[in-house]
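Text of the file entry-v1.pdb, holding PDB, C-alpha atoms and all ligand atoms:
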```
ATOM      1  CA  MET S 215      -6.900  16.038   5.830
ATOM      2  CA  ILE S 216      -5.992  18.014   2.723
ATOM      3  CA  CYS S 217      -5.138  16.060  -0.422
ATOM      4  CA  LEU S 218      -3.552  17.920  -3.323
ATOM      5  CA  PRO S 219      -2.703  16.333  -6.660
ATOM      6  CA  VAL S 220       0.772  17.261  -7.893
ATOM      7  CA  SER S 221       1.466  16.282 -11.474
ATOM      8  CA  ASP S 222       2.953  19.392 -13.090
ATOM      9  CA  SER S 223       5.189  22.196 -11.915
ATOM     10  CA  SER S 224       2.373  24.760 -11.795
ATOM     11  CA  GLN S 225       0.891  22.782  -8.898
ATOM     12  CA  VAL S 226       4.045  23.095  -6.789
ATOM     13  CA  SER S 227       3.546  26.753  -5.864
ATOM     14  CA  GLU S 228      -0.191  26.196  -5.432
ATOM     15  CA  ALA S 229       0.514  23.357  -2.972
ATOM     16  CA  ARG S 230       3.074  25.503  -1.147
ATOM     17  CA  ARG S 231       0.612  28.400  -0.832
ATOM     18  CA  ARG S 232      -2.292  26.298   0.369
ATOM     19  CA  ILE S 233      -0.297  24.340   2.924
ATOM     20  CA  ALA S 234       1.529  27.463   4.209
ATOM     21  CA  ALA S 235      -1.891  29.071   4.766
ATOM     22  CA  PHE S 236      -3.023  25.887   6.528
ATOM     23  CA  ALA S 237       0.090  26.033   8.747
ATOM     24  CA  GLU S 238      -0.667  29.640   9.735
ATOM     25  CA  SER S 239      -4.277  28.715  10.461
ATOM     26  CA  VAL S 240      -3.184  26.103  13.026
ATOM     27  CA  GLY S 241      -0.808  28.515  14.781
ATOM     28  CA  PHE S 242       2.536  28.089  13.018
ATOM     29  CA  ASP S 243       4.802  31.130  13.470
ATOM     30  CA  ALA S 244       6.606  32.768  10.534
ATOM     31  CA  ILE S 245       9.792  30.719  10.868
ATOM     32  CA  ALA S 246       7.930  27.426  11.144
ATOM     33  CA  THR S 247       5.712  28.361   8.185
ATOM     34  CA  ALA S 248       8.827  29.094   6.122
ATOM     35  CA  ARG S 249      10.130  25.620   6.994
ATOM     36  CA  VAL S 250       6.825  24.127   5.877
ATOM     37  CA  SER S 251       7.031  26.025   2.567
ATOM     38  CA  LEU S 252      10.472  24.607   1.947
ATOM     39  CA  ILE S 253       9.428  21.063   2.830
ATOM     40  CA  ILE S 254       6.347  21.228   0.587
ATOM     41  CA  THR S 255       8.332  22.655  -2.332
ATOM     42  CA  GLU S 256      10.823  19.787  -2.071
ATOM     43  CA  LEU S 257       8.169  17.099  -1.631
ATOM     44  CA  ALA S 258       6.105  18.417  -4.545
ATOM     45  CA  THR S 259       9.144  18.791  -6.785
ATOM     46  CA  ASN S 260      10.172  15.226  -5.945
ATOM     47  CA  LEU S 261       6.698  13.958  -6.875
ATOM     48  CA  ILE S 262       7.071  15.452 -10.338
ATOM     49  CA  LYS S 263      10.716  14.533 -10.924
ATOM     50  CA  HIS S 264      10.722  11.018  -9.494
ATOM     51  CA  GLY S 265       7.122   9.969  -9.077
ATOM     52  CA  ASN S 266       5.510  10.879 -12.417
ATOM     53  CA  GLY S 267       3.211  12.952 -10.246
ATOM     54  CA  GLY S 268       1.368  11.955  -7.117
ATOM     55  CA  ALA S 269      -0.492  13.335  -4.152
ATOM     56  CA  LEU S 270       0.479  15.560  -1.260
ATOM     57  CA  LEU S 271      -1.486  15.090   1.966
ATOM     58  CA  ALA S 272      -1.414  17.399   4.979
ATOM     59  CA  GLU S 273      -3.020  17.187   8.378
ATOM     60  CA  ALA S 274      -2.721  18.918  11.748
ATOM     61  CA  ASP S 275      -1.755  16.588  14.576
ATOM     62  CA  GLU S 276      -4.560  17.180  17.060
ATOM     63  CA  TYR S 277      -2.882  15.016  19.672
ATOM     64  CA  SER S 278       0.258  17.131  19.875
ATOM     65  CA  LYS S 279       0.851  19.697  22.640
ATOM     66  CA  SER S 280       2.416  22.280  20.319
ATOM     67  CA  PRO S 281       1.180  23.020  16.780
ATOM     68  CA  ALA S 282       2.300  20.206  14.501
ATOM     69  CA  LEU S 283       1.631  19.233  10.914
ATOM     70  CA  GLU S 284       2.140  15.923   9.230
ATOM     71  CA  PHE S 285       2.629  15.438   5.503
ATOM     72  CA  LEU S 286       2.565  12.500   3.153
ATOM     73  CA  ALA S 287       3.941  12.528  -0.390
ATOM     74  CA  LEU S 288       2.637   9.503  -2.267
ATOM     75  CA  ASP S 289       3.533   8.385  -5.759
ATOM     76  CA  ARG S 290       3.616   5.303  -7.940
ATOM     77  CA  GLY S 291       6.788   6.191  -9.791
ATOM     78  CA  GLU S 292      10.024   4.280 -10.141
ATOM     79  CA  GLY S 293      10.662   4.244  -6.385
ATOM     80  CA  MET S 294      13.954   4.793  -4.654
ATOM     81  CA  LEU S 295      16.461   2.008  -5.090
ATOM     82  CA  ASP S 296      18.433   2.875  -2.038
ATOM     83  CA  VAL S 297      16.610   4.986   0.516
ATOM     84  CA  ASP S 298      19.707   5.523   2.671
ATOM     85  CA  GLN S 299      21.693   6.671  -0.319
ATOM     86  CA  CYS S 300      18.915   9.036  -1.374
ATOM     87  CA  MET S 301      18.938  10.503   2.133
ATOM     88  CA  ARG S 302      22.640  11.236   2.091
ATOM     89  CA  ASP S 303      23.076  14.850   1.230
ATOM     90  CA  GLY S 304      24.222  15.591  -2.257
ATOM     91  CA  TYR S 305      22.848  12.424  -3.753
ATOM     92  CA  THR S 306      20.076  12.506  -6.285
ATOM     93  CA  THR S 307      18.916  10.221  -9.043
ATOM     94  CA  VAL S 308      18.247  13.033 -11.497
ATOM     95  CA  GLY S 309      21.140  15.520 -11.581
ATOM     96  CA  SER S 310      19.426  18.450  -9.832
ATOM     97  CA  PRO S 311      21.566  20.089  -7.116
ATOM     98  CA  GLY S 312      21.086  17.308  -4.606
ATOM     99  CA  THR S 313      19.163  19.001  -1.870
ATOM    100  CA  GLY S 314      15.799  17.207  -2.012
ATOM    101  CA  LEU S 315      15.604  14.712   0.829
ATOM    102  CA  GLY S 316      18.612  16.122   2.673
ATOM    103  CA  ALA S 317      16.934  19.530   2.821
ATOM    104  CA  ILE S 318      13.650  17.994   3.948
ATOM    105  CA  GLN S 319      15.461  16.072   6.652
ATOM    106  CA  ARG S 320      17.180  19.192   7.971
ATOM    107  CA  GLN S 321      13.922  21.157   8.083
ATOM    108  CA  SER S 322      11.671  18.497   9.594
ATOM    109  CA  HIS S 323      10.976  17.085  13.060
ATOM    110  CA  ALA S 324      10.521  13.568  11.753
ATOM    111  CA  LEU S 325      11.002  11.863   8.425
ATOM    112  CA  ASP S 326      10.188   8.359   7.324
ATOM    113  CA  ILE S 327      10.224   6.758   3.887
ATOM    114  CA  TYR S 328       8.799   3.598   2.389
ATOM    115  CA  SER S 329       9.871   2.863  -1.134
ATOM    116  CA  ARG S 330      10.478  -0.135  -3.296
ATOM    117  CA  PRO S 331      11.980  -0.204  -6.787
ATOM    118  CA  GLY S 332       9.210  -0.019  -9.363
ATOM    119  CA  ALA S 333       6.484   0.342  -6.733
ATOM    120  CA  GLY S 334       6.556   4.038  -5.943
ATOM    121  CA  ALA S 335       7.615   6.032  -2.932
ATOM    122  CA  ALA S 336       5.830   7.240   0.175
ATOM    123  CA  ILE S 337       7.377   9.937   2.352
ATOM    124  CA  TYR S 338       6.197  11.011   5.791
ATOM    125  CA  VAL S 339       7.286  14.352   7.239
ATOM    126  CA  ARG S 340       6.421  15.960  10.561
ATOM    127  CA  SER S 341       6.861  19.669  11.158
ATOM    128  CA  GLU S 342       6.347  21.534  14.423
ATOM    129  CA  SER S 343       6.159  25.190  15.348
ATOM    130  CA  GLY S 344       8.259  26.737  18.095
ATOM    131  CA  ARG S 345      10.936  24.065  18.134
ATOM    132  CA  ILE S 346      14.123  23.952  16.082
ATOM    133  CA  PRO S 347      14.330  20.723  14.076
ATOM    134  CA  THR S 348      16.748  18.460  15.902
ATOM    135  CA  VAL S 349      16.105  14.775  15.645
ATOM    136  CA  ALA S 350      15.279  13.890  12.072
ATOM    137  CA  VAL S 351      13.867  10.446  12.684
ATOM    138  CA  GLU S 352      11.625   9.909  15.674
ATOM    139  CA  ARG S 353       8.209   8.487  16.392
ATOM    140  CA  PRO S 354       6.207  10.892  18.516
ATOM    141  CA  HIS S 355       3.074   8.791  18.180
ATOM    142  CA  THR S 356       2.332   5.176  17.869
ATOM    143  CA  PHE S 357      -1.052   5.789  16.308
ATOM    144  CA  ALA S 358      -2.178   7.861  13.351
ATOM    145  CA  ALA S 359      -4.874   7.920  10.695
ATOM    146  CA  ALA S 360      -5.376   8.990   7.123
ATOM    147  CA  CYS S 361      -8.919  10.365   6.831
ATOM    148  CA  LEU S 362     -10.039  11.938   3.575
ATOM    149  CA  PRO S 363     -13.269  12.884   1.859
ATOM    150  CA  LYS S 364     -14.385  11.386  -1.403
ATOM    151  CA  HIS S 365     -12.622  12.958  -4.375
ATOM    152  CA  GLY S 366     -14.111  16.382  -5.162
ATOM    153  CA  GLU S 367     -16.010  16.619  -1.868
ATOM    154  CA  GLU S 368     -15.202  19.287   0.752
ATOM    155  CA  ALA S 369     -17.021  17.757   3.716
ATOM    156  CA  ASN S 370     -15.721  14.492   5.089
ATOM    157  CA  GLY S 371     -18.362  11.941   6.116
ATOM    158  CA  ASP S 372     -15.671   9.896   7.867
ATOM    159  CA  ALA S 373     -13.935  10.809  11.109
ATOM    160  CA  TRP S 374     -11.730   9.252  13.778
ATOM    161  CA  ALA S 375     -10.573  10.021  17.293
ATOM    162  CA  ALA S 376      -8.379   8.671  20.056
ATOM    163  CA  ALA S 377      -8.490   8.993  23.846
ATOM    164  CA  GLY S 378      -6.715   7.559  26.859
ATOM    165  CA  THR S 379      -3.067   7.044  27.647
ATOM    166  CA  ALA S 380      -0.219   4.997  26.215
ATOM    167  CA  GLY S 381      -0.997   1.318  26.529
ATOM    168  CA  ASN S 382      -4.664   1.986  27.299
ATOM    169  CA  ARG S 383      -5.864   3.784  24.222
ATOM    170  CA  THR S 384      -9.432   3.992  22.960
ATOM    171  CA  TYR S 385     -10.061   4.570  19.255
ATOM    172  CA  LEU S 386     -13.111   5.585  17.261
ATOM    173  CA  VAL S 387     -13.743   5.333  13.524
ATOM    174  CA  VAL S 388     -17.056   6.575  12.162
ATOM    175  CA  ASP S 389     -18.505   6.625   8.643
ATOM    176  CA  GLY S 390     -21.579   8.836   8.281
ATOM    177  CA  LEU S 391     -24.157   7.326   5.932
ATOM    178  CA  GLY S 392     -23.455   8.359   2.331
ATOM    179  CA  HIS S 393     -21.131  11.331   1.990
ATOM    180  CA  GLY S 394     -21.133  15.136   2.026
ATOM    181  CA  LEU S 395     -22.381  17.553   4.690
ATOM    182  CA  ALA S 396     -25.085  15.441   6.336
ATOM    183  CA  ALA S 397     -22.685  12.508   6.613
ATOM    184  CA  ALA S 398     -20.051  14.822   8.119
ATOM    185  CA  GLU S 399     -22.581  16.079  10.708
ATOM    186  CA  ALA S 400     -23.305  12.533  11.827
ATOM    187  CA  ALA S 401     -19.586  11.726  11.993
ATOM    188  CA  GLN S 402     -18.794  14.847  14.038
ATOM    189  CA  ALA S 403     -21.665  14.129  16.436
ATOM    190  CA  ALA S 404     -20.124  10.701  17.047
ATOM    191  CA  VAL S 405     -16.666  12.212  17.674
ATOM    192  CA  GLN S 406     -18.128  14.686  20.157
ATOM    193  CA  GLU S 407     -20.006  12.006  22.044
ATOM    194  CA  PHE S 408     -16.922   9.765  22.005
ATOM    195  CA  HIS S 409     -14.791  12.451  23.656
ATOM    196  CA  ARG S 410     -17.519  12.971  26.245
ATOM    197  CA  CYS S 411     -17.730   9.332  27.301
ATOM    198  CA  ALA S 412     -14.481   7.654  26.169
ATOM    199  CA  GLY S 413     -13.718   6.295  29.655
ATOM    200  CA  VAL S 414     -16.653   3.869  29.918
ATOM    201  CA  SER S 415     -16.921   0.389  28.385
ATOM    202  CA  ILE S 416     -16.939  -0.145  24.622
ATOM    203  CA  THR S 417     -20.575  -1.302  24.731
ATOM    204  CA  GLU S 418     -21.569   1.796  26.719
ATOM    205  CA  ILE S 419     -19.696   4.118  24.347
ATOM    206  CA  LEU S 420     -21.453   2.572  21.342
ATOM    207  CA  THR S 421     -24.822   2.845  23.091
ATOM    208  CA  SER S 422     -24.210   6.533  23.897
ATOM    209  CA  ILE S 423     -23.125   7.273  20.327
ATOM    210  CA  HIS S 424     -26.223   5.507  19.011
ATOM    211  CA  GLN S 425     -28.373   7.812  21.198
ATOM    212  CA  ALA S 426     -26.394  10.912  20.217
ATOM    213  CA  LEU S 427     -26.874  10.171  16.505
ATOM    214  CA  ARG S 428     -30.679   9.875  16.634
ATOM    215  CA  HIS S 429     -31.208  13.232  14.981
ATOM    216  CA  THR S 430     -28.608  12.643  12.296
ATOM    217  CA  ARG S 431     -28.702  10.502   9.199
ATOM    218  CA  GLY S 432     -26.812   7.761  11.042
ATOM    219  CA  ALA S 433     -23.412   6.178  10.755
ATOM    220  CA  ALA S 434     -21.325   3.045  10.886
ATOM    221  CA  VAL S 435     -19.295   3.221  14.094
ATOM    222  CA  ALA S 436     -16.648   1.126  15.769
ATOM    223  CA  VAL S 437     -14.694   1.587  18.982
ATOM    224  CA  ALA S 438     -11.571  -0.285  20.033
ATOM    225  CA  ARG S 439      -9.501  -0.233  23.212
ATOM    226  CA  THR S 440      -6.009  -1.511  23.850
ATOM    227  CA  ASP S 441      -4.978  -2.939  27.204
ATOM    228  CA  GLU S 442      -1.307  -3.670  26.751
ATOM    229  CA  SER S 443      -0.676  -4.996  30.261
ATOM    230  CA  ARG S 444      -3.246  -7.702  29.470
ATOM    231  CA  GLU S 445      -2.049  -7.995  25.845
ATOM    232  CA  GLU S 446      -5.616  -7.494  24.762
ATOM    233  CA  LEU S 447      -7.668  -5.365  22.385
ATOM    234  CA  VAL S 448     -11.429  -5.052  22.761
ATOM    235  CA  PHE S 449     -13.463  -4.139  19.705
ATOM    236  CA  GLY S 450     -17.119  -3.405  19.134
ATOM    237  CA  GLY S 451     -18.836  -2.073  16.057
ATOM    238  CA  VAL S 452     -22.160  -1.313  14.448
ATOM    239  CA  GLY S 453     -22.122  -1.324  10.662
ATOM    240  CA  ASN S 454     -19.326  -1.499   8.207
ATOM    241  CA  ILE S 455     -16.145  -0.434  10.023
ATOM    242  CA  GLY S 456     -13.380  -2.976   9.704
ATOM    243  CA  GLY S 457     -10.728  -3.916  12.196
ATOM    244  CA  ALA S 458      -7.674  -6.135  11.840
ATOM    245  CA  ILE S 459      -4.756  -7.108  14.045
ATOM    246  CA  ILE S 460      -1.615  -8.231  12.265
ATOM    247  CA  THR S 461       0.874 -10.183  14.373
ATOM    248  CA  ASP S 462       3.894 -11.880  12.777
ATOM    249  CA  GLY S 463       2.232 -11.679   9.378
ATOM    250  CA  LYS S 464      -0.995 -13.321  10.581
ATOM    251  CA  VAL S 465      -4.157 -11.266  10.065
ATOM    252  CA  ARG S 466      -7.010 -11.464  12.569
ATOM    253  CA  LYS S 467     -10.112  -9.519  11.514
ATOM    254  CA  THR S 468     -12.492  -8.152  14.129
ATOM    255  CA  VAL S 469     -16.266  -8.599  14.183
ATOM    256  CA  SER S 470     -18.826  -5.802  13.846
ATOM    257  CA  ARG S 471     -22.606  -6.240  14.112
ATOM    258  CA  ASN S 472     -24.995  -5.153  11.373
ATOM    259  CA  GLY S 473     -26.912  -1.937  11.873
ATOM    260  CA  THR S 474     -26.610   1.834  11.691
ATOM    261  CA  ALA S 475     -25.860   3.910  14.773
ATOM    262  CA  GLY S 476     -28.606   6.494  15.248
ATOM    263  CA  LEU S 477     -31.144   4.423  13.310
ATOM    264  CA  THR S 478     -31.274   0.709  14.004
ATOM    265  CA  VAL S 479     -28.936  -1.084  16.294
ATOM    266  CA  PRO S 480     -29.333  -4.744  17.221
ATOM    267  CA  ARG S 481     -27.588  -6.093  20.297
ATOM    268  CA  ILE S 482     -24.300  -4.268  20.792
ATOM    269  CA  GLN S 483     -21.451  -6.627  21.565
ATOM    270  CA  GLU S 484     -17.752  -6.283  22.232
ATOM    271  CA  TYR S 485     -15.115  -8.894  21.465
ATOM    272  CA  SER S 486     -11.634  -9.426  22.817
ATOM    273  CA  TYR S 487      -8.520 -10.176  20.714
ATOM    274  CA  PRO S 488      -4.862 -10.813  21.486
ATOM    275  CA  PHE S 489      -2.761  -7.653  21.074
ATOM    276  CA  THR S 490       0.760  -8.767  21.818
ATOM    277  CA  SER S 491       4.281  -7.504  21.283
ATOM    278  CA  GLY S 492       4.714  -6.904  17.557
ATOM    279  CA  SER S 493       0.973  -6.554  16.870
ATOM    280  CA  THR S 494      -0.294  -3.744  14.658
ATOM    281  CA  PHE S 495      -3.947  -2.736  14.748
ATOM    282  CA  PHE S 496      -5.892  -1.413  11.746
ATOM    283  CA  MET S 497      -9.310   0.199  11.838
ATOM    284  CA  TYR S 498     -10.912   1.413   8.627
ATOM    285  CA  SER S 499     -14.034   2.535   6.858
ATOM    286  CA  ASP S 500     -15.359   0.939   3.665
ATOM    287  CA  GLY S 501     -13.486   3.583   1.651
ATOM    288  CA  LEU S 502     -10.669   1.022   1.860
ATOM    289  CA  VAL S 503     -11.236  -2.013  -0.376
ATOM    290  CA  SER S 504     -11.860  -5.128   1.684
ATOM    291  CA  SER S 505      -9.109  -7.008  -0.159
ATOM    292  CA  TRP S 506      -6.383  -4.679   1.202
ATOM    293  CA  ASN S 507      -3.333  -6.351   2.661
ATOM    294  CA  CYS S 508       0.217  -5.686   3.802
ATOM    295  CA  ALA S 509       1.611  -8.980   2.537
ATOM    296  CA  GLY S 510       3.149  -7.457  -0.582
ATOM    297  CA  TYR S 511       4.948  -4.730   1.374
ATOM    298  CA  PRO S 512       8.018  -6.137   3.107
ATOM    299  CA  GLY S 513       9.123  -3.963   6.013
ATOM    300  CA  LEU S 514       6.113  -1.644   5.863
ATOM    301  CA  LEU S 515       4.806  -2.494   9.341
ATOM    302  CA  ALA S 516       8.023  -1.162  10.886
ATOM    303  CA  ARG S 517       7.382   2.312   9.463
ATOM    304  CA  HIS S 518       5.571   5.267  11.047
ATOM    305  CA  PRO S 519       1.828   4.523  11.434
ATOM    306  CA  LEU S 520       0.832   7.439   9.201
ATOM    307  CA  LEU S 521       3.221   6.231   6.513
ATOM    308  CA  ILE S 522       1.609   2.778   6.692
ATOM    309  CA  ALA S 523      -1.843   4.383   6.392
ATOM    310  CA  GLY S 524      -0.593   6.481   3.467
ATOM    311  CA  VAL S 525       0.667   3.476   1.500
ATOM    312  CA  LEU S 526      -2.651   1.656   2.013
ATOM    313  CA  PHE S 527      -4.548   4.810   1.031
ATOM    314  CA  ARG S 528      -2.480   5.102  -2.145
ATOM    315  CA  ASP S 529      -2.938   1.481  -3.197
ATOM    316  CA  PHE S 530      -6.295   0.341  -1.772
ATOM    317  CA  ARG S 531      -8.676   3.267  -1.533
ATOM    318  CA  ARG S 532     -12.062   3.133  -3.191
ATOM    319  CA  GLU S 533     -12.382   6.274  -5.321
ATOM    320  CA  ARG S 534     -16.053   6.893  -4.677
ATOM    321  CA  ASP S 535     -16.196   7.147  -0.919
ATOM    322  CA  ASP S 536     -14.707   8.935   2.052
ATOM    323  CA  VAL S 537     -11.942   6.866   3.577
ATOM    324  CA  THR S 538     -10.359   6.385   7.003
ATOM    325  CA  ILE S 539      -7.382   4.172   7.786
ATOM    326  CA  LEU S 540      -6.246   4.188  11.404
ATOM    327  CA  VAL S 541      -3.022   2.394  12.307
ATOM    328  CA  ALA S 542      -1.992   1.743  15.912
ATOM    329  CA  ASN S 543       1.090   0.042  17.241
ATOM    330  CA  ARG S 544       1.756  -1.222  20.713
ATOM    331  CA  GLU S 545       2.904   1.786  22.726
ATOM    332  CA  LEU S 546       4.688   0.329  25.738
ATOM    333  CA  PRO S 547       7.969  -1.577  25.511
TER     334      PRO S 547
HETATM  335 MN    MN L   1     -18.241   4.814   3.473
END
```
Show me, as structure tokens, the structure contained in the file I just sent.
Amino acid sequence: MICLPVSDSSQVSEARRRIAAFAESVGFDAIATARVSLIITELATNLIKHGNGGALLAEADEYSKSPALEFLALDRGEGMLDVDQCMRDGYTTVGSPGTGLGAIQRQSHALDIYSRPGAGAAIYVRSESGRIPTVAVERPHTFAAACLPKHGEEANGDAWAAAGTAGNRTYLVVDGLGHGLAAAEAAQAAVQEFHRCAGVSITEILTSIHQALRHTRGAAVAVARTDESREELVFGGVGNIGGAIITDGKVRKTVSRNGTAGLTVPRIQEYSYPFTSGSTFFMYSDGLVSSWNCAGYPGLLARHPLLIAGVLFRDFRRERDDVTILVANRELP
């Protein structure tokens, strides 16, 4: 995931250039790249005008059939008093020709906003190549993750992955020991092994990843699997990867065992938790402060999973570590 600070107007064109190049690199055609440029210009301009500056995040959606990018614009500015009113074309809180959010909406394949007066704004935008933007608000995925390296670091020692089908999804979050290149190697080795063996039991996946990481510096690893027909989520972890299921405002944290995959692993164990209608699952590395919560964010859990992850990233990330926040909703009605 790319994270670009945007606090003055000189950074708008820089953000547009970098993210347009990123779009081309993942296969966006010229028309789709032009749409991305427009979206980024509007998001970045908004951050400066309304957010007192903020951050622009961009990631390719690896679980999409056609090339797709997802963006987050995060700020701690005055927030939008009335999101619906801000969305209506022509409306703007600072007399610029009111095209900001309306223009973004017209150019995007999905748009979602979480904002509260005085507590900043978070905007999620999805953009695809090869398809004319039609539906402005949709939820193509019920899971997503924000995964970013420590500030100033190129390599990301954290990683995540998903496998399986709707209602029976298996998730991985891995945090390579320390940070930087060697941590990233360990994390990528875990992702590779996960994709190789994601169909077997949680305990077996963790055992295989432990073996696969023997020649790396090691990592904290956790794997979770939803089984929606049984209203159940199974979780197993080695080391410091957190898990939490929030249902009707009640938080149930999962259990991981001590140890480091690739180095020392005690008995691997998996645990089962209720995952019922209305449950949201969180899985995260220790780049998120352990005191994070959603209690102060009315309505947030109804938003797009990446928007939820973005708000938590903005407000609860630890500055000195890589961070991963995976958010998964129930997928079947
Ligand atoms: Mn960490």
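Each of S:Ala475, S:Ala274, S:Val537, S:Ala516 was checked against Ala436 in chain S using only C-alpha atoms; the smallest atom-to-atom distance is that of S:Ala475.
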Surrounding residues as a VMD selection string, ligand MN 1 (chain L), max 10 Å, all atoms listed in the file: chain S and resid 363 to 364 371 to 372 388 to 393 397 433 to 434 454 to 455 498 to 502 532 534 to 538
Among listed residues S:Ala282, S:Ala258, S:Val387, S:Ile245, nearest Arg230 in chain S (using only C-alpha atoms): S:Ala258
Picked residues, the PyMOL selection byres (((chain S and resi 479-490) around 8) and not hetatm), as a PyMOL selection string: chain S and resi 416-417+420-421+424+440+442+445-452+459+461+468-469+471-478+491-494+544
Non-local contacts of Glu545 in chain S (10 Å; all atoms listed in the file; under 2 positions in same chain excluded) as number ranges by chain: S: 355-357, 379-383, 440, 442, 491, 542-543, 547
Selection dump of the PyMOL selection byres (((chain S and resi 506) around 9) and not hetatm), as number ranges by chain: S: 502-505, 507-508, 526, 529-531
Best match for closeness to Ala373 in chain S among S:Pro347, S:Phe527, S:Gln402, S:Ala358, counting only C-alpha atoms: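 Ranking S:Pro347, S:Phe527, S:Gln402, S:Ala358 by distance to Ala373 in chain S, first place goes to S:Gln402.
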Residue completion, range 496-516 of chain S, N, CA and C atoms, as an mmCIF file, keeping the file's coordinate frame:
```
data_model
loop_
_atom_site.group_PDB
_atom_site.id
_atom_site.type_symbol
_atom_site.label_atom_id
_atom_site.label_comp_id
_atom_site.auth_asym_id
_atom_site.auth_seq_id
_atom_site.Cartn_x
_atom_site.Cartn_y
_atom_site.Cartn_z
ATOM 1 N N PHE S 496 -5.331 -2.220 12.825
ATOM 2 C CA PHE S 496 -5.892 -1.413 11.746
ATOM 3 C C PHE S 496 -7.390 -1.260 11.959
ATOM 4 N N MET S 497 -7.880 -0.057 11.715
ATOM 5 C CA MET S 497 -9.310 0.199 11.838
ATOM 6 C C MET S 497 -9.669 1.082 10.648
ATOM 7 N N TYR S 498 -10.724 0.733 9.904
ATOM 8 C CA TYR S 498 -10.912 1.413 8.627
ATOM 9 C C TYR S 498 -12.361 1.424 8.175
ATOM 10 N N SER S 499 -12.690 2.448 7.423
ATOM 11 C CA SER S 499 -14.034 2.535 6.858
ATOM 12 C C SER S 499 -14.052 1.785 5.527
ATOM 13 N N ASP S 500 -15.247 1.693 4.921
ATOM 14 C CA ASP S 500 -15.359 0.939 3.665
ATOM 15 C C ASP S 500 -14.850 1.741 2.459
ATOM 16 N N GLY S 501 -14.205 2.895 2.719
ATOM 17 C CA GLY S 501 -13.486 3.583 1.651
ATOM 18 C C GLY S 501 -12.188 2.871 1.292
ATOM 19 N N LEU S 502 -11.816 1.895 2.138
ATOM 20 C CA LEU S 502 -10.669 1.022 1.860
ATOM 21 C C LEU S 502 -11.237 -0.278 1.300
ATOM 22 N N VAL S 503 -10.689 -0.772 0.196
ATOM 23 C CA VAL S 503 -11.236 -2.013 -0.376
ATOM 24 C C VAL S 503 -10.993 -3.163 0.599
ATOM 25 N N SER S 504 -11.954 -4.087 0.656
ATOM 26 C CA SER S 504 -11.860 -5.128 1.684
ATOM 27 C C SER S 504 -10.717 -6.099 1.401
ATOM 28 N N SER S 505 -10.211 -6.098 0.172
ATOM 29 C CA SER S 505 -9.109 -7.008 -0.159
ATOM 30 C C SER S 505 -7.733 -6.417 0.143
ATOM 31 N N TRP S 506 -7.671 -5.289 0.865
ATOM 32 C CA TRP S 506 -6.383 -4.679 1.202
ATOM 33 C C TRP S 506 -5.528 -5.675 1.969
ATOM 34 N N ASN S 507 -4.231 -5.533 1.842
ATOM 35 C CA ASN S 507 -3.333 -6.351 2.661
ATOM 36 C C ASN S 507 -1.947 -5.722 2.707
ATOM 37 N N CYS S 508 -1.151 -6.185 3.656
ATOM 38 C CA CYS S 508 0.217 -5.686 3.802
ATOM 39 C C CYS S 508 1.222 -6.728 3.336
ATOM 40 N N ALA S 509 0.725 -7.853 2.844
ATOM 41 C CA ALA S 509 1.611 -8.980 2.537
ATOM 42 C C ALA S 509 2.639 -8.625 1.456
ATOM 43 N N GLY S 510 2.235 -7.790 0.502
ATOM 44 C CA GLY S 510 3.149 -7.457 -0.582
ATOM 45 C C GLY S 510 4.078 -6.289 -0.275
ATOM 46 N N TYR S 511 4.186 -5.930 1.000
ATOM 47 C CA TYR S 511 4.948 -4.730 1.374
ATOM 48 C C TYR S 511 5.965 -5.051 2.460
ATOM 49 N N PRO S 512 7.029 -5.744 2.099
ATOM 50 C CA PRO S 512 8.018 -6.137 3.107
ATOM 51 C C PRO S 512 8.552 -4.921 3.859
ATOM 52 N N GLY S 513 8.557 -5.025 5.174
ATOM 53 C CA GLY S 513 9.123 -3.963 6.013
ATOM 54 C C GLY S 513 8.174 -2.826 6.320
ATOM 55 N N LEU S 514 7.010 -2.789 5.687
ATOM 56 C CA LEU S 514 6.113 -1.644 5.863
ATOM 57 C C LEU S 514 5.657 -1.480 7.314
ATOM 58 N N LEU S 515 5.372 -2.594 7.993
ATOM 59 C CA LEU S 515 4.806 -2.494 9.341
ATOM 60 C C LEU S 515 5.786 -1.897 10.357
ATOM 61 N N ALA S 516 7.057 -1.786 9.978
ATOM 62 C CA ALA S 516 8.023 -1.162 10.886
ATOM 63 C C ALA S 516 8.061 0.352 10.708
#
```
